[in-house]
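Undergrad: My questions will all concern the structure given below.
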Amino acid sequence: MTMGISSVIKLREPGLGREWIGKERYVVRAGAVVAVPMLAGDELEIVDPEGLQPAHVLAFNGSGQSATAQLGVAPNTNGETIARMLDSDSPVAAKIRNKLKTFSVSLPEAKVAEVLSGDTVAGSSIKLVSEGELVCLVCAPGEPMIAHEHISLTDLPPTDLIAYITRANPGQVIANELPDPLADEQQSFRIDAATAQSYEVKAGEYIQVLDIDGRECSDFQCFDQAQLDKGLMRYLSATTTRALVGSAYPRPGLYSKFYDVDFQPLLEIVQDTCGRHDSFGLACTSKYYDEAGYPGHINCSDNFNHALEPYPIAPRKGWQAMNLFFNTFFDDDFTFIFDDPWSRPGDYVLMRAIKDLVCVSSACPCDIDPANGWVPTDIQIRTYSEKNLFKRAIAFRKTTDAEPEMTKETGFHRKSAELTRNFIEYNGYWLANNYTNYGCAAEYWACREGVIMTDLSPLRKYEVVGPDAEVLMQTCVTRDIRKLSTGQVVYTAMCYESGGMIDDGTVFKLGKNNFRWIGGNDTSGLWIRQQAQKRSMRAWVKDATSQLHNLQIQGPKSLDVLKKVIWTRPDQATIEELKWFRFSIARIGDESGLPILVSRTGYTGEQGYEIFCHPRDAAAVWDAVWEAGQEYKIAPLGLEALDMLRIEAGLIFAGSEFCDQTDPFEAGIGFTVPLKSKQDDFIGREVLVGRKQNPQQKLVGLEVNGEEIGGNGDGVFIGREQVGAITSGVISPILRKNIALCKMKTLYAETGTEIEIGKLDGHQKRIPATVVPFPHFDPKKQRVRGNY
């Protein structure tokens, strides 16, 4: 039998939106409104991805009269809720308000249909067809979640809806429409595929390079206008930039600038929704195509030369450039290779000019390899006034095909920003790396000897509610959820059927049918929801991350600080009574204070607590704790010091100590898998029984000779054989030792085993180390229990 290439093989490319070509897709954010024009015969489909999220729909005609009934649905409420959702300072809300004013639409008297109401399951949808020319408003109504209250099905946080429009007469155009501009444009022009254009911007102005249809490279170069006027050519130097920012290319944040050869900054990246670019290759050249057998092929360098003819810039056979959206990397043999771009339709890079610049951008013509996904398309350039203020942001996606969400600020960010400018992006939020006038060492010792506060709001929170909530959680996590009492917390693993870990996290039991999952990533929350759908359970899983932000207060003096500011009801444990892995519903100050939930949990290896509150209350919560802590010299703590603390305490971190190829036993948290005492089945149980009986590797502690830290991924050797790999390492201040965590083959995991850590190529430099008991610091967990 011979096998040929099947014509039915279909490549999956999540995120490109090809599955909804011919449709328009709008994300209706929780608590927000979108407006869509519709013609007769157009179909509106509203999808609720998470369940229990109603939609309010209002249609009006060209005279401003309510015409919701022309969507084939009976109005059953008024427009007061939509009016309340539009009462915000967002540009989209302002635009819709102005449109309603133009049409003289009075929302309180408008006839609105509430659809998708009731106990709707995740993925519920409704389709409406327009009978005429209308403007349709779709709203995802909801009020802020109260952090401390018992959550019922009607009190869940609002979540996003998706609206699809299928046009009755779509025509032949399937290219993606341009996204709305970020502000009023100064310049806006399209660079046709296989061409380039030059343009000028003034210092302070912004440049947006937008990939219209996705997977199209755009080479970018800029020149200092003042130096050109002097007869000098000073332009973006990729080599200088890499040397100064210490990475392959700048990103939004602290190291965001592009430099010329004189080390002068020319511009900086402010926003980036793609995150994958190139600064090593030249803009494509005629020589590249000549050598590939395509003599005379159009190329970006020649296009640059043509576009720059009006300026005193000498042409070049190959231009150095910042190659936006070009997906390049080096393989294990250090060969420079590339593949399809990561950019999706509408992805962009936003830059701010630091000097007056002459710029040139291309829409790359390459059609002989995957550089542009084999099909060159157009690029859009927009420029904006220096009067705008765009926040630094990187796109974050829950899943590959999810809508991008720009980096957010936590509710505590404003207070953190008063103490530092050193923020890094973590899980879609900006978090402090360390604090000015403190630094990593001071923050660390404040936690070990006094008290600190640290913002860990990006931890993912999912509300799991409904009659089957307990059964769902019992199925999805390894710990025995049936043993939890209301007010109790348990640390657990969550695994795939293969036994590989999805995440580790905590489960809070708020009531008989109310649980809160807190984990490190969205994958775990989405997995719980998928299991509820797959098993037809009457349980809902709602993302509450944006509604609950958390501040950890940790250290020997943490209780002394919090007992000054936390009030609890008589039916709740006081902060002094609160035991390890318990929580209380509480308030700041007194019974009229800000509502919070406080738990005896943490991530430092010290006695500590976490305060959960709504983001609108976060700054006031920070101030109350900060003021109460002054007596004990409270310090803020950033991620850098937090990593030191958790390594000493043997607390694992996703991507370091575990991944989906690691089971809980290998990750050092086998205690979270009670195979004997938990009688109910759970996902991965059968495989974990076998993996426990036949372990292949184990997480161990190492003491390392010298002062060179073992880095994540460093090989661990006995002779030429690699027997393990470093997951995390640190010089421990309190132990005064060089320590590391290591995934080790079980044969060599015994305490006292001498090994070597391989540096350079793993063999040319070896650092002696010894296997020691794990964890290194406070192995009996006395400090977290308050036994100092």
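Residues in the structure tokens are named by chain (A, B, ... in the order shown) and by number from 1 within that chain; ligands are numbered from 1 in the order shown.
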Near range 565-581 of chain A, counting only C-alpha atoms, which residues have an atom at most 6 Å away, once you skip same-chain residues fewer than 3 positions from it, shown as a list in words?
TA: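 Listed by chain and then number, they are Val489, Leu562, Ser584, Ala586, Arg587, Ile588, Gly589, Asp590, Arg600 and Thr601 of chain A.
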Undergrad: Which residues, written as a PDB file with C-alpha atoms, in the first residue's frame, have at least one atom at most 8 Å from Pro365 in chain A, with only C-alpha atoms counted and residues fewer than 4 positions away on the same chain left out?
TA:
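For reference, selection-v9.pdb as written:
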ATOM      1  CA  ALA A 193       2.072  44.518  -0.078  1.00  0.00           C
ATOM      2  CA  ALA A 194       5.647  44.440  -1.460  1.00  0.00           C
ATOM      3  CA  THR A 195       6.185  48.211  -1.103  1.00  0.00           C
ATOM      4  CA  ILE A 298      11.500  42.814  -5.286  1.00  0.00           C
ATOM      5  CA  ASN A 299      12.926  43.270  -1.775  1.00  0.00           C
ATOM      6  CA  CYS A 300      12.601  45.502   1.283  1.00  0.00           C
ATOM      7  CA  PRO A 376       2.460  39.056   1.448  1.00  0.00           C
TER       8      PRO A 376
END
Undergrad: Would you mind telling me which residue in A:Lys698, A:Arg29, A:His614, A:Arg535 lies nearest to Leu747 in chain A when using only C-alpha atoms?
TA: A:Lys698
Undergrad: Out of A:Phe515, A:Tyr384, A:Trp445, A:Tyr609, which residue has the shortest atom-to-atom distance to Ala469 in chain A when counting only C-alpha atoms?
TA: A:Phe515
Undergrad: Can you tell me, as a list of chain:residue names, which residues in range 279-326 of chain A count as helix (DSSP H, G or I) by DSSP?
TA: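 Selecting the helix (DSSP H, G or I) positions of range 279-326 of chain A gives A:Ser286, A:Lys287, A:Tyr288, A:Tyr289, A:Asp290, A:Glu291, A:Cys300, A:Ser301, A:Asp302, A:Asn303, A:Phe304, A:Asn305, A:His306, A:Ala307.
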Undergrad: Leaving out Phe304 in chain A and any residue of its chain fewer than 2 positions from it, which residues lie within 10 Å of it when counting only C-alpha atoms, given as an mmCIF file with N, CA, C and O atoms, in the first residue's frame?
TA:
data_model
loop_
_atom_site.group_PDB
_atom_site.id
_atom_site.type_symbol
_atom_site.label_atom_id
_atom_site.label_comp_id
_atom_site.auth_asym_id
_atom_site.auth_seq_id
_atom_site.Cartn_x
_atom_site.Cartn_y
_atom_site.Cartn_z
ATOM 1 N N THR A 195 5.731 46.828 -0.923
ATOM 2 C CA THR A 195 6.185 48.211 -1.103
ATOM 3 C C THR A 195 6.700 48.746 0.233
ATOM 4 O O THR A 195 6.652 48.068 1.254
ATOM 5 N N ALA A 196 7.176 49.999 0.209
ATOM 6 C CA ALA A 196 7.610 50.682 1.428
ATOM 7 C C ALA A 196 7.286 52.157 1.301
ATOM 8 O O ALA A 196 7.159 52.678 0.173
ATOM 9 N N GLN A 197 7.143 52.839 2.428
ATOM 10 C CA GLN A 197 6.891 54.282 2.417
ATOM 11 C C GLN A 197 7.697 54.943 3.519
ATOM 12 O O GLN A 197 7.918 54.346 4.586
ATOM 13 N N SER A 198 8.115 56.185 3.262
ATOM 14 C CA SER A 198 8.786 56.989 4.277
ATOM 15 C C SER A 198 7.795 57.998 4.846
ATOM 16 O O SER A 198 6.800 58.349 4.202
ATOM 17 N N ASP A 219 9.440 45.681 8.012
ATOM 18 C CA ASP A 219 10.757 46.172 8.415
ATOM 19 C C ASP A 219 10.657 47.666 8.709
ATOM 20 O O ASP A 219 9.979 48.407 7.984
ATOM 21 N N PHE A 220 11.354 48.103 9.758
ATOM 22 C CA PHE A 220 11.264 49.495 10.200
ATOM 23 C C PHE A 220 12.666 50.052 10.423
ATOM 24 O O PHE A 220 13.522 49.389 11.016
ATOM 25 N N GLN A 221 12.884 51.274 9.951
ATOM 26 C CA GLN A 221 14.123 51.988 10.203
ATOM 27 C C GLN A 221 13.783 53.468 10.397
ATOM 28 O O GLN A 221 12.766 53.958 9.890
ATOM 29 N N ALA A 283 16.839 43.895 6.548
ATOM 30 C CA ALA A 283 15.654 43.948 5.694
ATOM 31 C C ALA A 283 15.992 43.129 4.448
ATOM 32 O O ALA A 283 17.122 43.181 3.946
ATOM 33 N N ASN A 299 12.456 43.509 -3.136
ATOM 34 C CA ASN A 299 12.926 43.270 -1.775
ATOM 35 C C ASN A 299 12.816 44.535 -0.935
ATOM 36 O O ASN A 299 12.724 45.651 -1.470
ATOM 37 N N CYS A 300 12.830 44.379 0.374
ATOM 38 C CA CYS A 300 12.601 45.502 1.283
ATOM 39 C C CYS A 300 13.736 46.525 1.235
ATOM 40 O O CYS A 300 13.488 47.732 1.336
ATOM 41 N N SER A 301 14.980 46.071 1.092
ATOM 42 C CA SER A 301 16.090 47.027 1.079
ATOM 43 C C SER A 301 16.001 47.956 -0.126
ATOM 44 O O SER A 301 16.191 49.172 -0.006
ATOM 45 N N ASP A 302 15.722 47.408 -1.310
ATOM 46 C CA ASP A 302 15.545 48.271 -2.490
ATOM 47 C C ASP A 302 14.333 49.174 -2.325
ATOM 48 O O ASP A 302 14.348 50.345 -2.737
ATOM 49 N N HIS A 306 14.229 53.331 -2.446
ATOM 50 C CA HIS A 306 13.301 54.125 -3.258
ATOM 51 C C HIS A 306 12.502 55.081 -2.385
ATOM 52 O O HIS A 306 12.338 56.268 -2.722
ATOM 53 N N ALA A 307 12.002 54.599 -1.243
ATOM 54 C CA ALA A 307 11.176 55.438 -0.381
ATOM 55 C C ALA A 307 11.971 56.573 0.250
ATOM 56 O O ALA A 307 11.408 57.629 0.573
ATOM 57 N N LEU A 308 13.284 56.386 0.411
ATOM 58 C CA LEU A 308 14.118 57.391 1.075
ATOM 59 C C LEU A 308 14.786 58.350 0.099
ATOM 60 O O LEU A 308 15.589 59.199 0.513
ATOM 61 N N GLU A 309 14.461 58.258 -1.174
ATOM 62 C CA GLU A 309 15.081 59.133 -2.182
ATOM 63 C C GLU A 309 14.916 60.620 -1.890
ATOM 64 O O GLU A 309 15.817 61.415 -2.183
ATOM 65 N N PRO A 315 21.723 55.198 -0.654
ATOM 66 C CA PRO A 315 21.139 53.857 -0.756
ATOM 67 C C PRO A 315 22.130 52.785 -0.316
ATOM 68 O O PRO A 315 23.346 52.986 -0.331
ATOM 69 N N ARG A 316 21.579 51.634 0.084
ATOM 70 C CA ARG A 316 22.405 50.511 0.510
ATOM 71 C C ARG A 316 21.845 49.224 -0.094
ATOM 72 O O ARG A 316 20.654 49.109 -0.355
ATOM 73 N N LYS A 317 22.734 48.254 -0.288
ATOM 74 C CA LYS A 317 22.281 46.962 -0.796
ATOM 75 C C LYS A 317 21.507 46.188 0.265
ATOM 76 O O LYS A 317 20.646 45.373 -0.074
ATOM 77 N N GLY A 318 21.809 46.454 1.521
ATOM 78 C CA GLY A 318 21.091 45.779 2.604
ATOM 79 C C GLY A 318 20.973 46.685 3.801
ATOM 80 O O GLY A 318 21.979 47.163 4.329
ATOM 81 N N TRP A 319 19.722 46.954 4.223
ATOM 82 C CA TRP A 319 19.499 47.861 5.340
ATOM 83 C C TRP A 319 19.334 47.082 6.650
ATOM 84 O O TRP A 319 18.560 46.125 6.725
ATOM 85 N N CYS A 359 11.251 58.258 9.117
ATOM 86 C CA CYS A 359 11.011 56.818 9.272
ATOM 87 C C CYS A 359 10.708 56.178 7.930
ATOM 88 O O CYS A 359 10.266 56.842 6.988
ATOM 89 N N VAL A 360 10.948 54.883 7.858
ATOM 90 C CA VAL A 360 10.575 54.130 6.678
ATOM 91 C C VAL A 360 10.072 52.758 7.139
ATOM 92 O O VAL A 360 10.653 52.130 8.019
ATOM 93 N N SER A 361 8.955 52.331 6.568
ATOM 94 C CA SER A 361 8.358 51.035 6.906
ATOM 95 C C SER A 361 8.014 50.298 5.630
ATOM 96 O O SER A 361 7.670 50.911 4.608
ATOM 97 N N SER A 362 8.082 48.987 5.693
ATOM 98 C CA SER A 362 7.767 48.179 4.513
ATOM 99 C C SER A 362 6.625 47.218 4.816
ATOM 100 O O SER A 362 6.317 46.927 5.976
#
